[in-house]
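run_39.cif follows; it contains mmCIF, C-alpha atoms.
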data_start
loop_
_atom_site.label_atom_id
_atom_site.label_comp_id
_atom_site.auth_asym_id
_atom_site.auth_seq_id
_atom_site.Cartn_x
_atom_site.Cartn_y
_atom_site.Cartn_z
CA MET A 1 -55.97 -22.33 43.61
CA SER A 2 -54.52 -19.90 41.03
CA THR A 3 -56.73 -17.61 39.00
CA PRO A 4 -56.28 -16.66 35.32
CA HIS A 5 -54.94 -13.30 36.55
CA ASP A 6 -52.28 -15.10 38.63
CA THR A 7 -51.27 -17.18 35.61
CA ILE A 8 -50.82 -14.06 33.44
CA THR A 9 -48.77 -12.40 36.20
CA ILE A 10 -46.44 -15.43 36.43
CA MET A 11 -46.03 -15.53 32.64
CA MET A 12 -45.13 -11.81 32.54
CA SER A 13 -42.62 -12.22 35.35
CA THR A 14 -41.00 -15.14 33.51
CA ALA A 15 -40.81 -13.12 30.29
CA LYS A 16 -39.20 -10.19 32.11
CA ALA A 17 -36.65 -12.54 33.67
CA CYS A 18 -35.76 -13.97 30.24
CA ILE A 19 -35.36 -10.49 28.75
CA LEU A 20 -33.18 -9.40 31.68
CA ALA A 21 -31.01 -12.51 31.30
CA ALA A 22 -30.58 -11.82 27.58
CA LEU A 23 -29.54 -8.23 28.29
CA VAL A 24 -27.00 -9.40 30.85
CA VAL A 25 -25.51 -11.81 28.28
CA ALA A 26 -25.39 -9.05 25.66
CA VAL A 27 -23.73 -6.57 27.99
CA THR A 28 -21.23 -9.19 29.13
CA ALA A 29 -20.42 -10.05 25.52
CA HIS A 30 -19.58 -6.41 24.83
CA GLU A 31 -17.46 -5.85 27.91
CA GLY A 32 -13.83 -5.20 27.13
CA HIS A 33 -14.46 -3.85 23.63
CA GLU A 34 -12.17 -0.96 22.78
CA GLU A 35 -13.77 2.46 22.78
CA SER A 36 -12.21 3.03 19.37
CA GLN A 37 -14.45 0.19 18.06
CA MET A 38 -11.58 -1.93 16.86
CA PRO A 39 -12.79 -4.68 14.51
CA MET A 40 -13.65 -7.96 16.19
CA ASP A 41 -11.18 -10.77 16.87
CA TYR A 42 -8.04 -8.65 17.11
CA VAL A 43 -5.16 -8.95 19.48
CA LYS A 44 -5.11 -5.95 21.79
CA TYR A 45 -2.14 -3.71 22.44
CA PRO A 46 0.46 -3.76 20.90
CA TYR A 47 -1.86 -4.18 17.95
CA GLN A 48 -0.24 -7.15 16.33
CA ALA A 49 -2.35 -9.20 13.94
CA ALA A 50 -3.13 -12.71 15.16
CA TYR A 51 -1.37 -15.68 13.58
CA ARG A 52 -3.77 -18.43 12.68
CA GLY A 53 -1.92 -21.71 12.92
CA LYS A 54 -2.95 -25.33 13.21
CA ASP A 55 -6.52 -26.03 14.35
CA THR A 56 -7.48 -22.36 14.61
CA VAL A 57 -10.77 -21.02 13.32
CA THR A 58 -10.83 -19.17 9.97
CA ALA A 59 -13.58 -17.86 7.68
CA ASP A 60 -15.45 -16.42 10.65
CA SER A 61 -17.45 -13.23 9.90
CA ILE A 62 -14.66 -11.38 8.14
CA PHE A 63 -17.30 -9.08 6.62
CA SER A 64 -18.23 -7.66 10.05
CA GLY A 65 -16.67 -4.82 12.00
CA ILE A 66 -14.93 -1.67 10.84
CA THR A 67 -13.36 -2.02 7.39
CA THR A 68 -9.59 -1.75 7.67
CA PHE A 69 -7.01 -3.20 5.32
CA ALA A 70 -7.15 -6.99 5.76
CA LYS A 71 -9.01 -6.43 9.05
CA LEU A 72 -5.84 -5.08 10.61
CA PRO A 73 -6.11 -3.06 13.81
CA TRP A 74 -7.05 0.57 13.22
CA VAL A 75 -4.62 2.91 14.96
CA GLN A 76 -4.97 6.70 14.92
CA CYS A 77 -1.28 7.11 14.09
CA LEU A 78 -1.60 10.80 13.24
CA GLY A 79 -3.84 11.48 16.22
CA SER A 80 -4.33 10.26 19.76
CA GLN A 81 -2.40 6.99 19.27
CA SER A 82 0.84 8.44 17.92
CA GLU A 83 2.83 6.50 20.53
CA VAL A 84 1.80 3.08 19.19
CA PRO A 85 4.79 1.45 17.43
CA PHE A 86 4.51 -0.52 14.19
CA ASP A 87 6.70 -2.22 11.59
CA ILE A 88 4.44 -1.69 8.59
CA ALA A 89 1.58 0.78 8.32
CA PHE A 90 -1.13 1.13 5.70
CA LEU A 91 -1.91 4.79 5.11
CA GLY A 92 -4.53 6.36 2.84
CA ALA A 93 -3.90 9.44 0.69
CA PRO A 94 -7.33 10.35 -0.73
CA PHE A 95 -6.17 12.86 -3.36
CA ASP A 96 -7.33 12.94 -7.00
CA THR A 97 -7.13 16.55 -8.17
CA GLY A 98 -4.03 15.87 -10.26
CA THR A 99 -5.82 13.63 -12.75
CA SER A 100 -6.02 14.28 -16.49
CA TYR A 101 -9.03 12.13 -17.40
CA ARG A 102 -11.44 10.50 -14.94
CA PRO A 103 -11.35 11.58 -11.28
CA GLY A 104 -12.48 9.40 -8.37
CA ALA A 105 -9.27 8.00 -6.88
CA ARG A 106 -9.93 9.95 -3.68
CA PHE A 107 -12.20 7.03 -2.86
CA GLY A 108 -9.42 4.55 -3.62
CA PRO A 109 -8.29 4.02 0.00
CA ALA A 110 -11.81 3.12 1.10
CA GLY A 111 -12.32 0.88 -1.92
CA ILE A 112 -9.03 -0.97 -1.47
CA ARG A 113 -9.84 -1.61 2.18
CA ALA A 114 -13.23 -3.03 1.17
CA GLY A 115 -11.55 -5.22 -1.43
CA SER A 116 -9.10 -6.51 1.18
CA ARG A 117 -11.65 -7.82 3.65
CA ARG A 118 -11.22 -11.46 2.70
CA LEU A 119 -7.40 -11.43 2.54
CA THR A 120 -7.23 -13.21 5.88
CA LEU A 121 -10.37 -15.26 5.30
CA TYR A 122 -8.36 -18.49 5.42
CA GLY A 123 -5.59 -17.24 7.67
CA GLY A 124 -3.26 -15.08 5.57
CA TYR A 125 -0.54 -17.63 4.72
CA ASN A 126 1.03 -16.86 1.33
CA VAL A 127 1.71 -20.26 -0.23
CA PRO A 128 4.02 -19.26 -3.15
CA LEU A 129 6.19 -17.09 -0.87
CA ALA A 130 5.92 -19.49 2.09
CA VAL A 131 5.20 -16.77 4.62
CA ASN A 132 2.35 -15.41 6.71
CA PRO A 133 3.15 -11.68 6.65
CA PHE A 134 0.78 -11.06 9.56
CA ALA A 135 2.54 -13.51 11.87
CA ASN A 136 5.66 -11.85 13.26
CA LEU A 137 5.40 -8.15 12.47
CA THR A 138 3.34 -5.38 14.01
CA ILE A 139 1.17 -4.23 11.11
CA VAL A 140 -1.54 -1.59 11.46
CA ASP A 141 -3.95 0.49 9.42
CA CYS A 142 -3.35 4.16 10.22
CA GLY A 143 -6.40 5.44 8.37
CA ASP A 144 -6.06 8.37 5.97
CA ILE A 145 -4.03 11.55 5.84
CA PRO A 146 -6.53 14.44 5.99
CA VAL A 147 -6.14 15.92 2.49
CA THR A 148 -7.83 19.08 1.28
CA PRO A 149 -9.60 18.84 -2.10
CA TYR A 150 -9.36 22.61 -2.67
CA ASP A 151 -5.66 23.41 -2.91
CA ASN A 152 -3.23 21.03 -4.63
CA ASN A 153 -0.11 22.71 -3.27
CA PHE A 154 -1.38 22.50 0.28
CA ALA A 155 -2.61 18.91 -0.20
CA ILE A 156 0.81 17.81 -1.47
CA ARG A 157 2.41 19.30 1.63
CA GLN A 158 -0.13 17.50 3.82
CA ILE A 159 0.73 14.16 2.20
CA GLU A 160 4.49 14.70 2.57
CA GLU A 161 4.22 15.79 6.21
CA GLY A 162 1.81 12.99 7.16
CA HIS A 163 3.98 10.32 5.53
CA LYS A 164 7.18 11.74 6.99
CA GLU A 165 5.66 11.82 10.47
CA LEU A 166 5.14 8.05 10.32
CA LEU A 167 8.36 7.26 8.47
CA HIS A 168 10.49 8.76 11.24
CA ARG A 169 8.85 6.75 14.02
CA THR A 170 10.87 4.03 15.73
CA PRO A 171 9.71 0.64 14.39
CA ALA A 172 8.24 -1.94 16.77
CA SER A 173 10.84 -4.58 15.84
CA LYS A 174 14.59 -4.08 15.92
CA LEU A 175 16.99 -5.37 13.29
CA GLY A 176 18.46 -8.76 14.12
CA ARG A 177 21.35 -10.72 12.65
CA ASP A 178 21.95 -11.78 9.08
CA LEU A 179 20.69 -15.35 8.60
CA LYS A 180 23.70 -16.41 6.52
CA THR A 181 26.63 -14.82 8.35
CA GLY A 182 25.21 -14.25 11.82
CA GLU A 183 26.49 -10.67 11.74
CA GLN A 184 24.38 -7.83 13.15
CA LEU A 185 22.38 -5.91 10.58
CA VAL A 186 22.41 -2.11 10.47
CA SER A 187 19.97 0.29 8.87
CA LEU A 188 19.91 0.94 5.13
CA ALA A 189 18.91 4.54 5.68
CA LYS A 190 21.28 7.42 5.05
CA ASP A 191 20.45 8.88 8.45
CA GLY A 192 21.60 5.64 10.12
CA LYS A 193 18.28 5.13 11.89
CA GLU A 194 15.81 2.28 11.63
CA HIS A 195 12.51 3.19 10.00
CA PRO A 196 9.16 1.43 9.63
CA ARG A 197 7.68 0.75 6.21
CA ILE A 198 4.61 2.53 4.90
CA ILE A 199 2.26 1.19 2.23
CA THR A 200 0.21 4.10 0.88
CA LEU A 201 -3.25 3.69 -0.62
CA GLY A 202 -3.92 6.32 -3.28
CA GLY A 203 -5.15 8.57 -4.53
CA ASP A 204 -3.95 9.52 -7.97
CA HIS A 205 -0.29 9.12 -8.90
CA THR A 206 0.58 12.72 -8.08
CA ILE A 207 0.95 11.58 -4.46
CA VAL A 208 4.24 9.85 -5.27
CA LEU A 209 6.10 13.19 -5.47
CA PRO A 210 5.44 14.06 -1.79
CA LEU A 211 6.03 10.40 -0.84
CA LEU A 212 9.45 10.41 -2.52
CA ARG A 213 10.26 13.70 -0.81
CA SER A 214 9.45 12.02 2.49
CA MET A 215 11.55 8.95 1.64
CA TYR A 216 14.48 11.18 0.67
CA SER A 217 14.53 12.65 4.19
CA ALA A 218 15.59 9.22 5.49
CA TYR A 219 17.19 7.37 2.58
CA GLY A 220 18.47 10.01 0.17
CA PRO A 221 18.07 9.24 -3.56
CA ILE A 222 16.43 5.84 -4.04
CA SER A 223 15.75 3.34 -6.79
CA VAL A 224 12.13 3.20 -7.94
CA ILE A 225 10.27 0.21 -9.35
CA HIS A 226 7.23 1.59 -11.15
CA PHE A 227 4.43 -0.53 -12.62
CA ASP A 228 2.20 1.61 -14.84
CA SER A 229 0.82 1.84 -18.34
CA HIS A 230 2.15 5.43 -18.53
CA LEU A 231 5.61 6.95 -18.15
CA ASP A 232 4.55 9.72 -15.73
CA SER A 233 7.82 11.52 -16.45
CA TRP A 234 6.52 13.97 -19.04
CA LYS A 235 7.70 17.54 -19.13
CA PRO A 236 4.99 19.84 -17.75
CA SER A 237 5.07 21.85 -20.98
CA VAL A 238 4.05 18.66 -22.82
CA PHE A 239 1.66 17.07 -20.33
CA GLY A 240 -1.06 19.62 -19.65
CA GLY A 241 0.80 22.64 -20.99
CA ALA A 242 1.68 24.03 -17.54
CA PRO A 243 -0.85 26.88 -17.43
CA SER A 244 0.23 27.56 -13.82
CA HIS A 245 2.82 26.38 -11.33
CA THR A 246 0.14 24.34 -9.55
CA ALA A 247 -0.86 22.64 -12.82
CA GLU A 248 2.77 21.72 -13.54
CA ILE A 249 2.61 19.03 -10.85
CA ASN A 250 0.13 16.30 -11.76
CA HIS A 251 -0.15 12.56 -12.21
CA GLY A 252 1.77 12.67 -15.50
CA THR A 253 4.72 14.84 -14.42
CA TYR A 254 5.63 13.89 -10.85
CA PHE A 255 8.64 11.76 -11.89
CA TYR A 256 9.95 14.71 -13.93
CA TRP A 257 9.93 16.81 -10.78
CA ALA A 258 11.25 14.00 -8.59
CA SER A 259 14.22 13.66 -10.95
CA LYS A 260 14.82 17.43 -10.98
CA GLU A 261 14.82 17.42 -7.17
CA GLY A 262 17.35 14.56 -7.01
CA LEU A 263 14.95 12.14 -5.31
CA ILE A 264 15.54 9.25 -7.75
CA ARG A 265 18.74 7.23 -8.07
CA ASN A 266 19.61 7.64 -11.74
CA GLY A 267 20.04 4.46 -13.78
CA SER A 268 18.74 1.99 -11.19
CA SER A 269 15.03 2.74 -11.56
CA ILE A 270 12.66 0.97 -13.92
CA HIS A 271 9.15 1.14 -15.36
CA GLY A 272 7.09 -1.98 -16.05
CA ALA A 273 3.89 -2.58 -18.10
CA ILE A 274 4.34 0.59 -20.21
CA ARG A 275 1.98 0.78 -23.20
CA THR A 276 1.02 4.44 -23.50
CA THR A 277 0.90 6.51 -26.66
CA LEU A 278 3.46 9.32 -26.84
CA SER A 279 3.69 12.85 -28.10
CA GLY A 280 6.79 11.55 -29.90
CA LEU A 281 9.93 9.57 -29.27
CA GLU A 282 11.25 12.61 -27.44
CA ASP A 283 9.13 11.43 -24.53
CA TYR A 284 11.41 8.39 -24.24
CA GLU A 285 14.49 10.60 -24.36
CA ASN A 286 13.05 12.69 -21.55
CA ASP A 287 12.26 9.51 -19.61
CA ASP A 288 15.84 8.34 -20.06
CA ALA A 289 17.00 11.64 -18.57
CA THR A 290 14.87 11.10 -15.46
CA GLY A 291 16.84 7.92 -14.74
CA PHE A 292 14.46 5.13 -15.75
CA GLN A 293 14.79 2.00 -17.80
CA ARG A 294 11.63 0.58 -19.35
CA ILE A 295 9.81 -2.70 -19.81
CA GLU A 296 6.94 -2.45 -22.29
CA ALA A 297 3.76 -4.39 -21.50
CA ARG A 298 4.06 -6.31 -24.76
CA GLU A 299 7.51 -7.60 -23.78
CA ILE A 300 5.82 -10.18 -21.58
CA ASP A 301 5.23 -12.09 -24.83
CA THR A 302 8.97 -12.21 -25.57
CA LEU A 303 10.74 -11.97 -22.22
CA GLY A 304 8.11 -13.84 -20.25
CA MET A 305 7.54 -13.16 -16.56
CA ASP A 306 10.92 -14.64 -15.62
CA GLY A 307 12.70 -12.34 -18.05
CA ILE A 308 10.88 -9.31 -16.69
CA ILE A 309 11.73 -10.26 -13.11
CA LYS A 310 15.38 -10.75 -14.11
CA LYS A 311 15.58 -7.31 -15.73
CA ILE A 312 14.05 -5.62 -12.69
CA ARG A 313 16.40 -7.37 -10.28
CA GLU A 314 19.46 -6.59 -12.39
CA THR A 315 18.46 -2.92 -12.59
CA VAL A 316 17.78 -2.41 -8.89
CA GLY A 317 20.34 -4.79 -7.43
CA SER A 318 20.71 -4.70 -3.64
CA ARG A 319 19.89 -1.01 -3.35
CA PRO A 320 16.96 0.24 -1.24
CA ALA A 321 13.97 0.43 -3.58
CA TYR A 322 10.60 2.11 -3.50
CA LEU A 323 7.72 0.31 -5.25
CA SER A 324 4.94 2.30 -6.90
CA ILE A 325 2.05 0.44 -8.54
CA ASP A 326 -0.57 2.05 -10.75
CA ILE A 327 -3.58 -0.25 -10.95
CA ASP A 328 -3.78 0.53 -14.67
CA SER A 329 -0.69 -1.64 -15.17
CA ILE A 330 -3.30 -4.41 -15.05
CA ASP A 331 -5.48 -4.72 -18.15
CA PRO A 332 -8.93 -3.11 -17.72
CA ALA A 333 -10.48 -6.51 -18.38
CA PHE A 334 -9.29 -7.38 -14.86
CA ALA A 335 -9.19 -3.90 -13.25
CA PRO A 336 -11.57 -1.48 -14.98
CA GLY A 337 -11.94 0.90 -12.03
CA THR A 338 -9.24 3.43 -12.83
CA GLY A 339 -8.91 6.95 -14.21
CA THR A 340 -6.87 6.37 -17.37
CA PRO A 341 -7.38 2.76 -18.51
CA GLU A 342 -5.22 1.31 -21.28
CA THR A 343 -5.96 -2.01 -22.97
CA GLY A 344 -3.23 -4.54 -23.64
CA GLY A 345 -2.01 -4.73 -20.04
CA TRP A 346 -0.88 -7.54 -17.81
CA THR A 347 -3.30 -9.86 -16.06
CA THR A 348 -3.71 -9.77 -12.31
CA ARG A 349 -1.98 -13.15 -12.09
CA GLU A 350 1.00 -11.92 -14.13
CA LEU A 351 1.53 -8.81 -12.01
CA ARG A 352 1.24 -10.81 -8.78
CA THR A 353 3.79 -13.32 -10.07
CA ILE A 354 6.21 -10.54 -11.06
CA ILE A 355 5.90 -8.92 -7.64
CA ARG A 356 6.58 -12.26 -5.96
CA GLY A 357 9.69 -12.38 -8.12
CA LEU A 358 10.98 -9.35 -6.20
CA ASP A 359 11.41 -11.56 -3.14
CA GLY A 360 14.68 -10.62 -1.47
CA LEU A 361 14.77 -7.03 -2.75
CA ARG A 362 14.90 -4.34 -0.07
CA LEU A 363 11.54 -2.65 -0.54
CA ILE A 364 11.62 0.30 1.85
CA SER A 365 8.01 1.37 1.22
CA ALA A 366 5.34 1.14 -1.46
CA ASP A 367 2.07 2.48 -2.79
CA ILE A 368 -0.80 1.53 -5.04
CA VAL A 369 -2.64 4.31 -6.82
CA GLU A 370 -5.32 5.31 -9.33
CA VAL A 371 -7.97 2.95 -7.97
CA ALA A 372 -11.28 4.69 -8.73
CA PRO A 373 -14.13 2.53 -7.36
CA ALA A 374 -16.85 4.46 -9.21
CA TYR A 375 -15.74 2.77 -12.46
CA ASP A 376 -15.38 -0.68 -10.94
CA THR A 377 -17.78 -3.59 -11.39
CA ASN A 378 -20.34 -4.56 -8.75
CA ALA A 379 -18.10 -7.54 -8.02
CA GLU A 380 -15.27 -5.21 -6.86
CA LEU A 381 -12.78 -6.65 -9.36
CA THR A 382 -10.44 -3.65 -9.25
CA THR A 383 -10.37 -3.15 -5.50
CA MET A 384 -9.84 -6.87 -4.93
CA ALA A 385 -7.01 -6.88 -7.46
CA ALA A 386 -5.40 -3.92 -5.71
CA ALA A 387 -5.69 -5.60 -2.32
CA ASP A 388 -4.27 -8.88 -3.62
CA VAL A 389 -1.32 -7.10 -5.22
CA LEU A 390 -0.58 -5.43 -1.89
CA PHE A 391 -0.77 -8.80 -0.17
CA GLU A 392 2.14 -9.89 -2.36
CA VAL A 393 4.02 -6.66 -1.59
CA LEU A 394 3.45 -7.13 2.13
CA SER A 395 4.67 -10.73 1.93
CA VAL A 396 7.88 -9.71 0.13
CA MET A 397 8.50 -7.04 2.77
CA ALA A 398 7.89 -9.47 5.62
CA LYS A 399 10.61 -11.82 4.35
CA THR A 400 13.42 -9.26 3.97
CA PRO A 401 14.49 -6.92 6.78
CA LEU A 402 15.61 -3.37 6.00
CA GLY A 403 19.17 -4.02 7.05
CA LYS A 404 22.64 -4.64 5.71
CA ILE A 405 25.85 -6.06 7.11
CA ALA A 406 27.93 -3.12 8.31
CA SER A 407 31.13 -4.43 6.73
CA ASN A 408 29.55 -4.89 3.29
CA SER A 409 30.13 -1.69 1.34
CA ASN A 410 28.58 -3.18 -1.80
CA ASP A 411 25.12 -2.60 -0.34
CA ASP A 412 25.40 1.16 -0.84
#

Encoding of this model in structure tokens:
Amino acid sequence: MSTPHDTITIMMSTAKACILAALVVAVTAHEGHEESQMPMDYVKYPYQAAYRGKDTVTADSIFSGITTFAKLPWVQCLGSQSEVPFDIAFLGAPFDTGTSYRPGARFGPAGIRAGSRRLTLYGGYNVPLAVNPFANLTIVDCGDIPVTPYDNNFAIRQIEEGHKELLHRTPASKLGRDLKTGEQLVSLAKDGKEHPRIITLGGDHTIVLPLLRSMYSAYGPISVIHFDSHLDSWKPSVFGGAPSHTAEINHGTYFYWASKEGLIRNGSSIHGAIRTTLSGLEDYENDDATGFQRIEAREIDTLGMDGIIKKIRETVGSRPAYLSIDIDSIDPAFAPGTGTPETGGWTTRELRTIIRGLDGLRLISADIVEVAPAYDTNAELTTMAAADVLFEVLSVMAKTPLGKIASNSNDD
């Protein structure tokens, strides 16, 4: 006959057995996790995002795990995982010491990643463009370039070198054949090599100067599509007064320097959403000299979105193009978290539609800049807008390979 003491002993033994069983289940559940703490539910090496097709599970804890862009695999591209190939990489450039008004864009990369968490909530299929950009390409988040906040000259070199290091990697996917003619495609680059694409998360707009320097090393002078409320091509003597050589390069003058250095293809580059005040009409003359055409923000009322898309496509043509997007191209009613907001801008829907209208253009790389989360709403309107805009950019890239038919000289 058992005693009360025996009963307590049995109960304790049973409890210990239950705890041990729970620990075994927990340990088993964690076996196989990458030491780098890759976010949950990712395909392992070669780090290709999973395609969610028919009858697959979506909307499953996308808020958990490490925050990468669209929950893409995190790869230390500039560190211990430099051998991992990719087709498109997201890369942060947390620099904001070239701003003229409100700083804070150094936190843009982190904010944009947070705003992107639900991009693949329902699977990632882009209905208007009829593509899932995550399906057939190797896309990764490479983290951030380590950028010093103490020395602008040194930071600009860090951004150029970090970007160039990734740009000159061999992409994971090789060029195939043209869908219409069946002919083999060859690289668009001046160096004749195939290059991956890089989507840079800024950072203030100063970062585009080192990015264009990097792009020039592979493609030579390129066409630029620039969405912004400001020209960013001001002479340093006008914008900031150029009190030093370091101060001459900032987020309002980088296109001036890019033009002087021969990085921009003159006449086939274009601004969109411009609505800034000027020091005078001479600013437009200077902008003309840098090689840009312009679409004012207010022209959406006369040209409409289709007219704007048509003008951009006619300007750029079939040339390789770099896309730079300042979040302040969107009206601050929809994206208040930025350093130099200007009212009277485009809506988030309008900008997304215009970017979708670039479908078929050869976007060799892109960036989004001037996202300053400190001025955003608690609902993350700006960072979500930035992430959604990049989803459109990524979708356009996924549909058009960076290749041309070798016999077609009109592509040059």

Given the PyMOL selection byres ((chain A and resi 87) around 9), the residues it picks as a list of chain:residue names
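For this structure, the PyMOL selection byres ((chain A and resi 87) around 9) captures A:Pro85, A:Phe86, A:Ile88, A:Ala89, A:Leu137, A:Thr138, A:Ile139, A:Val140, A:Thr170, A:Pro171, A:Ala172, A:Ser173, A:His195, A:Pro196, A:Arg197, A:Ile198.
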
Fewer than 6 positions away in the same chain doesn't count, so skip those; otherwise give me all residues within 7 Å of Thr68 (chain A), counting all atoms listed in the file, as a ChimeraX atom specification.
/A:74,113,141

Quick check, in Å to one decimal: how far apart do CA of Ala406 (chain A) and CA of Val84 (chain A) lie?
29.0 Å

Record the distance separating CA of Gly262 (chain A) and CA of Val147 (chain A), expressed in Å with one decimal.
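Going from CA of Gly262 (chain A) over to CA of Val147 (chain A) covers 25.4 Å.
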
So what does the PyMOL selection byres ((chain A and resi 308) around 10) actually pick up in this one, as a list of chain:residue names?
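Here the PyMOL selection byres ((chain A and resi 308) around 10) matches A:Gly272, A:Ala273, A:Ile295, A:Glu296, A:Ala297, A:Glu299, A:Ile300, A:Thr302, A:Leu303, A:Gly304, A:Met305, A:Asp306, A:Gly307, A:Ile309, A:Lys310, A:Lys311, A:Ile312, A:Arg313, A:Glu314, A:Ile354, A:Gly357.
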
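Near (3.4, 12.5, 1.4), the residues inside the 8 Å limit, counting all atoms listed in the file, come to Ala93, Ile156, Arg157, Gln158, Ile159, Glu160, Glu161, Gly162, His163, Lys164, Ile207, Val208, Leu209, Pro210, Leu211, Leu212, Arg213 and Ser214 of chain A.
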
Write out as a ChimeraX atom specification each polymer residue whose atoms come within 10 Å of Asp191 (chain A), counting only C-alpha atoms; drop sequence neighbours fewer than 5 positions from it.
/A:217-220

May I have the residues within 9 Å of Gly124 (chain A) as an MDAnalysis selection string, using all atoms listed in the file and disregarding those fewer than 5 positions away in the same chain?
chainID A and resid 51:52 70 119 131:135 391

Write out, as a compact mmCIF listing (two decimals), keeping the file's coordinate frame, the residues just selected, with C-alpha atoms.
# COMPACT_ATOMS: atom_id res chain seq x y z
CA TYR A 51 -1.37 -15.68 13.58
CA ARG A 52 -3.77 -18.43 12.68
CA ALA A 70 -7.15 -6.99 5.76
CA LEU A 119 -7.40 -11.43 2.54
CA VAL A 131 5.20 -16.77 4.62
CA ASN A 132 2.35 -15.41 6.71
CA PRO A 133 3.15 -11.68 6.65
CA PHE A 134 0.78 -11.06 9.56
CA ALA A 135 2.54 -13.51 11.87
CA PHE A 391 -0.77 -8.80 -0.17

Evaluate the PyMOL selection byres ((chain A and resi 232) around 8) and report residues as a list in words:
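Matching residues under the PyMOL selection byres ((chain A and resi 232) around 8) are His230, Leu231, Ser233, Trp234, His251, Gly252, Thr253, Tyr254, Phe255 and Tyr256 of chain A.
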
Smallest atom-to-atom distance to His226 (chain A): which of A:Thr200, A:Thr315, A:Thr246, A:Ser324, using all atoms listed in the file?
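Checking each of A:Thr200, A:Thr315, A:Thr246, A:Ser324 against His226 (chain A), counting all atoms listed in the file, the winner is A:Ser324.
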
By how many Å are CA of Arg349 (chain A) and CA of Gly111 (chain A) apart?
20.2 Å

Might you pull out every residue within 8 Å of Gly143 (chain A), with all atoms listed in the file counted and same-chain residues fewer than 2 positions away left off, and present them as a ChimeraX atom specification?
/A:68,74-77,90-92,141,145

Within 7 Å of (-6.7, 6.6, -6.9) (file coordinates; only C-alpha atoms), which protein or nucleic acid residues are there? I'd like them as a short mmCIF file (atom, residue, chain, number, x, y, z; two decimals) with C-alpha atoms, in the coordinates of the input.
data_model
loop_
_atom_site.label_atom_id
_atom_site.label_comp_id
_atom_site.auth_asym_id
_atom_site.auth_seq_id
_atom_site.Cartn_x
_atom_site.Cartn_y
_atom_site.Cartn_z
CA ASP A 96 -7.33 12.94 -7.00
CA GLY A 104 -12.48 9.40 -8.37
CA ALA A 105 -9.27 8.00 -6.88
CA ARG A 106 -9.93 9.95 -3.68
CA PHE A 107 -12.20 7.03 -2.86
CA GLY A 108 -9.42 4.55 -3.62
CA GLY A 202 -3.92 6.32 -3.28
CA GLY A 203 -5.15 8.57 -4.53
CA ASP A 204 -3.95 9.52 -7.97
CA VAL A 369 -2.64 4.31 -6.82
CA GLU A 370 -5.32 5.31 -9.33
CA VAL A 371 -7.97 2.95 -7.97
CA ALA A 372 -11.28 4.69 -8.73
#
